file model-v4.pdb (PDB, C-alpha atoms)
MODEL        1
ATOM      1  CA  MET S 191       0.000   0.000   0.000
ATOM      2  CA  GLY S 192       1.558   3.324  -1.085
ATOM      3  CA  ALA S 193       1.566   6.481   1.018
ATOM      4  CA  ASP S 194      -1.392   7.875  -0.927
ATOM      5  CA  GLU S 195      -3.392   4.654  -0.387
ATOM      6  CA  ARG S 196      -3.172   4.665   3.417
ATOM      7  CA  LYS S 197      -6.317   4.974   5.458
ATOM      8  CA  THR S 198      -6.882   8.528   6.636
ATOM      9  CA  CYS S 199      -7.929  10.232   9.850
ATOM     10  CA  PHE S 200      -9.426  13.716   9.823
ATOM     11  CA  VAL S 201      -9.057  15.639  13.069
ATOM     12  CA  ILE S 202     -11.772  18.161  13.921
ATOM     13  CA  MET S 203     -10.703  20.536  16.680
ATOM     14  CA  PRO S 204      -9.792  24.123  17.531
ATOM     15  CA  PHE S 205      -6.317  25.350  16.500
ATOM     16  CA  GLY S 206      -3.772  27.185  18.638
ATOM     17  CA  GLU S 207      -4.488  28.234  22.209
ATOM     18  CA  LYS S 208      -8.108  28.539  23.296
ATOM     19  CA  PRO S 209      -9.815  28.679  26.700
ATOM     20  CA  ASP S 210     -11.886  25.686  27.739
ATOM     21  CA  LEU S 211     -15.320  26.241  29.284
ATOM     22  CA  ASP S 212     -13.705  26.931  32.689
ATOM     23  CA  GLY S 213     -11.355  29.538  31.210
ATOM     24  CA  GLU S 214      -8.205  27.380  31.319
ATOM     25  CA  VAL S 215      -6.126  27.994  28.194
ATOM     26  CA  ILE S 216      -5.431  24.788  26.279
ATOM     27  CA  SER S 217      -2.809  24.413  23.544
ATOM     28  CA  PHE S 218      -4.789  22.429  21.009
ATOM     29  CA  ASP S 219      -1.736  22.216  18.760
ATOM     30  CA  THR S 220      -0.015  20.300  21.594
ATOM     31  CA  VAL S 221      -3.056  18.027  22.016
ATOM     32  CA  TYR S 222      -2.999  17.399  18.269
ATOM     33  CA  GLU S 223       0.735  16.712  17.951
ATOM     34  CA  TYR S 224       1.339  14.650  21.086
ATOM     35  CA  ILE S 225      -1.956  12.970  21.930
ATOM     36  CA  ILE S 226      -3.707  12.514  18.592
ATOM     37  CA  LYS S 227      -1.257  12.607  15.662
ATOM     38  CA  GLU S 228       1.393  10.508  17.371
ATOM     39  CA  VAL S 229      -0.962   7.557  17.901
ATOM     40  CA  VAL S 230      -2.725   7.922  14.537
ATOM     41  CA  GLU S 231       0.583   7.791  12.667
ATOM     42  CA  LYS S 232       1.736   4.862  14.821
ATOM     43  CA  LEU S 233      -1.268   3.003  13.353
ATOM     44  CA  ARG S 234       0.003   3.954   9.862
ATOM     45  CA  LEU S 235      -2.943   6.212   9.085
ATOM     46  CA  LYS S 236      -2.436   9.564   7.442
ATOM     47  CA  CYS S 237      -3.438  12.242   9.971
ATOM     48  CA  ILE S 238      -4.941  15.463   8.587
ATOM     49  CA  ARG S 239      -6.215  18.675  10.146
ATOM     50  CA  SER S 240      -7.740  21.493   8.050
ATOM     51  CA  ASP S 241      -4.896  23.889   8.756
ATOM     52  CA  GLU S 242      -2.416  21.393   7.264
ATOM     53  CA  VAL S 243      -3.998  21.310   3.804
ATOM     54  CA  ALA S 244      -1.390  23.238   1.811
ATOM     55  CA  LYS S 245      -3.188  24.294  -1.332
ATOM     56  CA  ALA S 246      -5.154  27.203  -2.709
ATOM     57  CA  GLY S 247      -8.922  27.102  -2.836
ATOM     58  CA  TRP S 248     -11.921  27.006  -0.624
ATOM     59  CA  VAL S 249     -11.108  25.523   2.799
ATOM     60  CA  HIS S 250     -14.713  24.392   3.313
ATOM     61  CA  SER S 251     -14.614  22.203   0.219
ATOM     62  CA  ASP S 252     -11.529  20.358   1.489
ATOM     63  CA  MET S 253     -12.987  20.111   4.998
ATOM     64  CA  LEU S 254     -16.249  18.576   3.759
ATOM     65  CA  SER S 255     -14.364  16.209   1.485
ATOM     66  CA  HIS S 256     -12.279  14.947   4.424
ATOM     67  CA  ILE S 257     -15.342  14.639   6.655
ATOM     68  CA  LEU S 258     -16.960  12.431   4.012
ATOM     69  CA  ARG S 259     -14.029  10.424   2.686
ATOM     70  CA  ASP S 260     -11.650   9.894   5.622
ATOM     71  CA  ASP S 261     -11.876   6.494   7.281
ATOM     72  CA  VAL S 262     -11.649   7.901  10.812
ATOM     73  CA  ALA S 263     -12.587  11.236  12.370
ATOM     74  CA  ILE S 264     -11.365  12.364  15.779
ATOM     75  CA  VAL S 265     -13.369  15.261  17.217
ATOM     76  CA  ASP S 266     -12.221  17.338  20.211
ATOM     77  CA  ILE S 267     -15.308  18.838  21.857
ATOM     78  CA  THR S 268     -13.474  20.512  24.771
ATOM     79  CA  THR S 269     -14.440  24.117  23.986
ATOM     80  CA  SER S 270     -17.977  23.453  22.700
ATOM     81  CA  ASN S 271     -16.816  25.259  19.555
ATOM     82  CA  PRO S 272     -19.762  25.728  17.143
ATOM     83  CA  ASN S 273     -17.577  24.912  14.112
ATOM     84  CA  VAL S 274     -16.489  21.633  15.713
ATOM     85  CA  PHE S 275     -20.091  20.664  16.471
ATOM     86  CA  TYR S 276     -21.167  21.608  12.944
ATOM     87  CA  GLU S 277     -18.454  19.363  11.480
ATOM     88  CA  LEU S 278     -19.374  16.555  13.902
ATOM     89  CA  GLY S 279     -23.005  16.782  12.788
ATOM     90  CA  VAL S 280     -21.994  16.678   9.135
ATOM     91  CA  ARG S 281     -19.800  13.635   9.840
ATOM     92  CA  HIS S 282     -22.704  11.847  11.559
ATOM     93  CA  VAL S 283     -24.880  12.449   8.496
ATOM     94  CA  LEU S 284     -22.222  11.389   5.991
ATOM     95  CA  ARG S 285     -20.501   8.440   7.714
ATOM     96  CA  PRO S 286     -22.003   5.764   9.961
ATOM     97  CA  ALA S 287     -18.772   4.668  11.621
ATOM     98  CA  VAL S 288     -15.428   5.474  13.207
ATOM     99  CA  THR S 289     -16.049   8.931  14.625
ATOM    100  CA  ILE S 290     -14.197   9.277  17.913
ATOM    101  CA  LEU S 291     -14.971  11.985  20.467
ATOM    102  CA  ILE S 292     -12.315  13.311  22.852
ATOM    103  CA  ARG S 293     -12.362  16.018  25.500
ATOM    104  CA  LYS S 294     -10.261  17.497  28.263
ATOM    105  CA  LYS S 295     -11.203  15.832  31.552
ATOM    106  CA  GLY S 296     -14.118  17.565  33.229
ATOM    107  CA  THR S 297     -15.717  18.947  30.053
ATOM    108  CA  LYS S 298     -19.489  18.579  30.259
ATOM    109  CA  LEU S 299     -21.251  16.984  27.320
ATOM    110  CA  PRO S 300     -24.167  18.746  25.632
ATOM    111  CA  PHE S 301     -27.448  16.824  25.750
ATOM    112  CA  ASN S 302     -27.421  15.700  22.104
ATOM    113  CA  ILE S 303     -24.136  13.800  22.490
ATOM    114  CA  SER S 304     -24.354  12.864  26.165
ATOM    115  CA  GLY S 305     -24.885   9.178  25.358
ATOM    116  CA  PHE S 306     -21.711   8.833  23.286
ATOM    117  CA  ARG S 307     -18.482   7.295  24.525
ATOM    118  CA  VAL S 308     -15.853  10.007  24.915
ATOM    119  CA  ILE S 309     -12.139   9.677  25.572
ATOM    120  CA  ASP S 310     -10.895  11.994  28.324
ATOM    121  CA  TYR S 311      -7.408  13.485  28.305
ATOM    122  CA  ASP S 312      -5.352  15.853  30.380
ATOM    123  CA  LEU S 313      -2.023  17.377  29.518
ATOM    124  CA  ASP S 314       0.117  15.420  31.986
ATOM    125  CA  ILE S 315       2.146  12.497  30.609
ATOM    126  CA  LYS S 316       0.186   9.727  32.375
ATOM    127  CA  SER S 317      -3.214  11.025  31.246
ATOM    128  CA  ALA S 318      -1.975  11.669  27.707
ATOM    129  CA  ARG S 319      -0.654   8.095  27.428
ATOM    130  CA  GLU S 320      -3.943   6.677  28.732
ATOM    131  CA  ALA S 321      -5.846   8.748  26.162
ATOM    132  CA  GLN S 322      -3.511   7.544  23.404
ATOM    133  CA  LYS S 323      -4.126   3.899  24.346
ATOM    134  CA  LYS S 324      -7.888   4.476  24.202
ATOM    135  CA  ILE S 325      -7.664   6.343  20.888
ATOM    136  CA  GLU S 326      -5.607   3.482  19.456
ATOM    137  CA  SER S 327      -8.138   0.934  20.689
ATOM    138  CA  PHE S 328     -11.130   2.917  19.374
ATOM    139  CA  ILE S 329      -9.473   3.265  15.947
ATOM    140  CA  ARG S 330      -8.433  -0.405  15.716
ATOM    141  CA  ASN S 331     -11.833  -1.680  16.833
ATOM    142  CA  GLY S 332     -13.720   0.869  14.766
ATOM    143  CA  LEU S 333     -11.909  -0.010  11.542
ATOM    144  CA  LYS S 334     -12.222  -3.728  12.222
ATOM    145  CA  GLU S 335     -15.911  -3.775  13.173
ATOM    146  CA  LEU S 336     -17.226  -0.660  11.390
ATOM    147  CA  SER S 337     -20.034  -0.637  13.943
ATOM    148  CA  ASN S 338     -22.437   2.248  13.721
ATOM    149  CA  ASP S 339     -21.459   5.184  15.968
ATOM    150  CA  SER S 340     -23.680   7.773  14.273
ATOM    151  CA  LEU S 341     -27.003   8.642  15.869
ATOM    152  CA  VAL S 342     -28.306   9.551  12.403
ATOM    153  CA  TYR S 343     -27.588   6.077  11.004
ATOM    154  CA  GLN S 344     -28.987   4.445  14.136
ATOM    155  CA  VAL S 345     -32.283   6.327  13.810
ATOM    156  CA  PHE S 346     -32.381   5.841  10.022
ATOM    157  CA  PRO S 347     -30.866   2.349   9.515
ATOM    158  CA  ASN S 348     -31.798   2.253   5.815
ATOM    159  CA  LEU S 349     -29.824   5.408   5.052
ATOM    160  CA  LYS S 350     -27.033   4.654   2.586
ATOM    161  CA  MET S 351     -23.625   6.289   2.651
ATOM    162  CA  SER S 352     -22.351   7.513  -0.723
ATOM    163  CA  LEU S 353     -18.775   8.542  -1.452
ATOM    164  CA  GLU S 354     -19.778  10.307  -4.673
TER     165      GLU S 354
ENDMDL
END
call {"tool": "encode", "arguments": {"input": "model-v4.pdb", "output": "structure tokens"}}
result
Amino acid sequence: MGADERKTCFVIMPFGEKPDLDGEVISFDTVYEYIIKEVVEKLRLKCIRSDEVAKAGWVHSDMLSHILRDDVAIVDITTSNPNVFYELGVRHVLRPAVTILIRKKGTKLPFNISGFRVIDYDLDIKSAREAQKKIESFIRNGLKELSNDSLVYQVFPNLKMSLE
């Protein structure tokens, strides 16, 4: 399998430093590099975040294409960022499986996603390693089983995914 044929993981999250809901500033670039990307690449998946797409054109087109086509999506809901929730909703409509939610420990879940499994992380080494192990497990199991993790596809089981 060539580099361009690898499975892909699209990461949906804030960029740079942003306050969480309690006002603590989180470096989401650090979360991306050392908690998410490290484990995704260890699994030999290509890890992509919107700010890494180095080409001219409309960013939303690339974002929607990745949300639809990428085998795995990891979504950090720590800040309750409206853009992140929009992209999560689009993912749930477009793909029935392998969408993984993560959050900084202590982040409250909004009602509409309160029943989903979420991986907690913190920025200390022990917590980060635990989160990485869970992310690895969720990805491995998700790709192997392709079990439905989208509320949309659970409510509408006859809905068909199309990559066109």
call {"tool": "resolve_selection", "arguments": {"input": "model-v4.pdb", "expression": "the PyMOL selection byres ((chain S and resi 292) around 7)", "output": "list in words"}}
result
Val265, Asp266, Ile267, Ile290, Leu291, Arg293, Val308, Ile309 and Asp310 of chain S
call {"tool": "write_last_selection", "arguments": {"input": "model-v4.pdb", "atoms": "C-alpha atoms", "output": "CSV table (one decimal), in the coordinates of the input"}}
result
chain,number,residue,atom,x,y,z
S,265,VAL,CA,-13.4,15.3,17.2
S,266,ASP,CA,-12.2,17.3,20.2
S,267,ILE,CA,-15.3,18.8,21.9
S,290,ILE,CA,-14.2,9.3,17.9
S,291,LEU,CA,-15.0,12.0,20.5
S,293,ARG,CA,-12.4,16.0,25.5
S,308,VAL,CA,-15.9,10.0,24.9
S,309,ILE,CA,-12.1,9.7,25.6
S,310,ASP,CA,-10.9,12.0,28.3
call {"tool": "closest_residue", "arguments": {"input": "model-v4.pdb", "among": "S:Pro204, S:Pro300, S:Gly305, S:Gly213", "to": "Ile264 (chain S)", "atoms": "all atoms listed in the file"}}
result
S:Pro204
call {"tool": "resolve_selection", "arguments": {"input": "model-v4.pdb", "expression": "the PyMOL selection byres ((chain S and resi 205-209) around 9)", "output": "list of chain:residue names"}}
result
S:Met203, S:Pro204, S:Asp210, S:Leu211, S:Asp212, S:Gly213, S:Glu214, S:Val215, S:Ile216, S:Ser217, S:Phe218, S:Asp219, S:Thr220, S:Tyr222, S:Asp241, S:Thr269
call {"tool": "write_last_selection", "arguments": {"input": "model-v4.pdb", "atoms": "C-alpha atoms", "output": "PDB file, in the coordinates of the input"}}
result
ATOM      1  CA  MET S 203     -10.703  20.536  16.680  1.00  0.00           C
ATOM      2  CA  PRO S 204      -9.792  24.123  17.531  1.00  0.00           C
ATOM      3  CA  ASP S 210     -11.886  25.686  27.739  1.00  0.00           C
ATOM      4  CA  LEU S 211     -15.320  26.241  29.284  1.00  0.00           C
ATOM      5  CA  ASP S 212     -13.705  26.931  32.689  1.00  0.00           C
ATOM      6  CA  GLY S 213     -11.355  29.538  31.210  1.00  0.00           C
ATOM      7  CA  GLU S 214      -8.205  27.380  31.319  1.00  0.00           C
ATOM      8  CA  VAL S 215      -6.126  27.994  28.194  1.00  0.00           C
ATOM      9  CA  ILE S 216      -5.431  24.788  26.279  1.00  0.00           C
ATOM     10  CA  SER S 217      -2.809  24.413  23.544  1.00  0.00           C
ATOM     11  CA  PHE S 218      -4.789  22.429  21.009  1.00  0.00           C
ATOM     12  CA  ASP S 219      -1.736  22.216  18.760  1.00  0.00           C
ATOM     13  CA  THR S 220      -0.015  20.300  21.594  1.00  0.00           C
ATOM     14  CA  TYR S 222      -2.999  17.399  18.269  1.00  0.00           C
ATOM     15  CA  ASP S 241      -4.896  23.889   8.756  1.00  0.00           C
ATOM     16  CA  THR S 269     -14.440  24.117  23.986  1.00  0.00           C
TER      17      THR S 269
END
call {"tool": "resolve_selection", "arguments": {"input": "model-v4.pdb", "expression": "the PyMOL selection byres ((chain S and resi 343-351) around 7)", "output": "number ranges by chain"}}
result
S: 284-286, 338, 340-342, 352-353
call {"tool": "residues_near_point", "arguments": {"input": "model-v4.pdb", "point": "(-15.8, 15.7, 11.5)", "cutoff": "9 Å", "atoms": "all atoms listed in the file", "output": "PyMOL selection string"}}
result
chain S and resi 200-203+253-254+256-258+262-265+274-282+289
call {"tool": "closest_residue", "arguments": {"input": "model-v4.pdb", "among": "S:Arg319, S:His250, S:Lys334, S:Arg259", "to": "Ile225 (chain S)", "atoms": "all atoms listed in the file"}}
result
S:Arg319
call {"tool": "atom_distance", "arguments": {"input": "model-v4.pdb", "atom1": "CA of Glu335 (chain S)", "atom2": "CA of Asp261 (chain S)"}}
result
12.5 Å
call {"tool": "residues_around", "arguments": {"input": "model-v4.pdb", "residues": "region 227-236 of chain S", "least_positions_apart": "2", "cutoff": "8 Å", "atoms": "only C-alpha atoms", "output": "number ranges by chain"}}
result
S: 196-199, 222-225, 238, 322, 325-326
call {"tool": "residues_around", "arguments": {"input": "model-v4.pdb", "residues": "Ser337 (chain S)", "least_positions_apart": "4", "cutoff": "9 Å", "atoms": "all atoms listed in the file", "output": "list in words"}}
result
Pro286, Ala287, Val288, Asn331, Gly332 and Leu333 of chain S
call {"tool": "write_last_selection", "arguments": {"input": "model-v4.pdb", "atoms": "C-alpha atoms", "output": "PDB file, in the coordinates of the input"}}
result
ATOM      1  CA  PRO S 286     -22.003   5.764   9.961  1.00  0.00           C
ATOM      2  CA  ALA S 287     -18.772   4.668  11.621  1.00  0.00           C
ATOM      3  CA  VAL S 288     -15.428   5.474  13.207  1.00  0.00           C
ATOM      4  CA  ASN S 331     -11.833  -1.680  16.833  1.00  0.00           C
ATOM      5  CA  GLY S 332     -13.720   0.869  14.766  1.00  0.00           C
ATOM      6  CA  LEU S 333     -11.909  -0.010  11.542  1.00  0.00           C
TER       7      LEU S 333
END
call {"tool": "atom_distance", "arguments": {"input": "model-v4.pdb", "atom1": "CA of Arg330 (chain S)", "atom2": "CA of Asp312 (chain S)"}}
result
22.1 Å
call {"tool": "atom_distance", "arguments": {"input": "model-v4.pdb", "atom1": "CA of Ser251 (chain S)", "atom2": "CA of Asn271 (chain S)"}}
result
19.7 Å
call {"tool": "closest_residue", "arguments": {"input": "model-v4.pdb", "among": "S:Ile329, S:Ser270, S:Lys294, S:Phe301", "to": "Leu313 (chain S)", "atoms": "all atoms listed in the file"}}
result
S:Lys294
call {"tool": "closest_residue", "arguments": {"input": "model-v4.pdb", "among": "S:Ser255, S:Asn273, S:Thr297, S:Thr268", "to": "Val221 (chain S)", "atoms": "all atoms listed in the file"}}
result
S:Thr268
call {"tool": "decode", "arguments": {"input": "model-v4.pdb", "residues": "region 290-305 of chain S", "atoms": "N, CA and C atoms", "output": "mmCIF file, in the first residue's frame"}}
result
data_model
loop_
_atom_site.group_PDB
_atom_site.id
_atom_site.type_symbol
_atom_site.label_atom_id
_atom_site.label_comp_id
_atom_site.auth_asym_id
_atom_site.auth_seq_id
_atom_site.Cartn_x
_atom_site.Cartn_y
_atom_site.Cartn_z
ATOM 1 N N ILE S 290 -14.658 9.395 16.534
ATOM 2 C CA ILE S 290 -14.197 9.277 17.913
ATOM 3 C C ILE S 290 -14.220 10.647 18.578
ATOM 4 N N LEU S 291 -14.891 10.728 19.720
ATOM 5 C CA LEU S 291 -14.971 11.985 20.467
ATOM 6 C C LEU S 291 -13.944 11.986 21.591
ATOM 7 N N ILE S 292 -13.242 13.128 21.743
ATOM 8 C CA ILE S 292 -12.315 13.311 22.852
ATOM 9 C C ILE S 292 -12.613 14.642 23.519
ATOM 10 N N ARG S 293 -12.170 14.759 24.771
ATOM 11 C CA ARG S 293 -12.362 16.018 25.500
ATOM 12 C C ARG S 293 -11.362 16.089 26.642
ATOM 13 N N LYS S 294 -11.059 17.309 27.057
ATOM 14 C CA LYS S 294 -10.261 17.497 28.263
ATOM 15 C C LYS S 294 -11.111 17.038 29.440
ATOM 16 N N LYS S 295 -10.476 16.330 30.379
ATOM 17 C CA LYS S 295 -11.203 15.832 31.552
ATOM 18 C C LYS S 295 -12.019 16.944 32.188
ATOM 19 N N GLY S 296 -13.249 16.616 32.551
ATOM 20 C CA GLY S 296 -14.118 17.565 33.229
ATOM 21 C C GLY S 296 -15.047 18.339 32.309
ATOM 22 N N THR S 297 -14.848 18.246 30.999
ATOM 23 C CA THR S 297 -15.717 18.947 30.053
ATOM 24 C C THR S 297 -17.094 18.294 30.063
ATOM 25 N N LYS S 298 -18.125 19.100 30.264
ATOM 26 C CA LYS S 298 -19.489 18.579 30.259
ATOM 27 C C LYS S 298 -19.959 18.358 28.822
ATOM 28 N N LEU S 299 -20.727 17.300 28.645
ATOM 29 C CA LEU S 299 -21.251 16.984 27.320
ATOM 30 C C LEU S 299 -22.610 17.634 27.114
ATOM 31 N N PRO S 300 -22.832 18.242 25.954
ATOM 32 C CA PRO S 300 -24.167 18.746 25.632
ATOM 33 C C PRO S 300 -25.142 17.573 25.519
ATOM 34 N N PHE S 301 -26.407 17.851 25.737
ATOM 35 C CA PHE S 301 -27.448 16.824 25.750
ATOM 36 C C PHE S 301 -27.413 15.913 24.526
ATOM 37 N N ASN S 302 -27.301 16.496 23.331
ATOM 38 C CA ASN S 302 -27.421 15.700 22.104
ATOM 39 C C ASN S 302 -26.314 14.674 21.906
ATOM 40 N N ILE S 303 -25.196 14.805 22.619
ATOM 41 C CA ILE S 303 -24.136 13.800 22.490
ATOM 42 C C ILE S 303 -23.802 13.153 23.837
ATOM 43 N N SER S 304 -24.650 13.359 24.820
ATOM 44 C CA SER S 304 -24.354 12.864 26.165
ATOM 45 C C SER S 304 -24.330 11.341 26.262
ATOM 46 N N GLY S 305 -24.901 10.635 25.316
ATOM 47 C CA GLY S 305 -24.885 9.178 25.358
ATOM 48 C C GLY S 305 -23.696 8.552 24.650
#
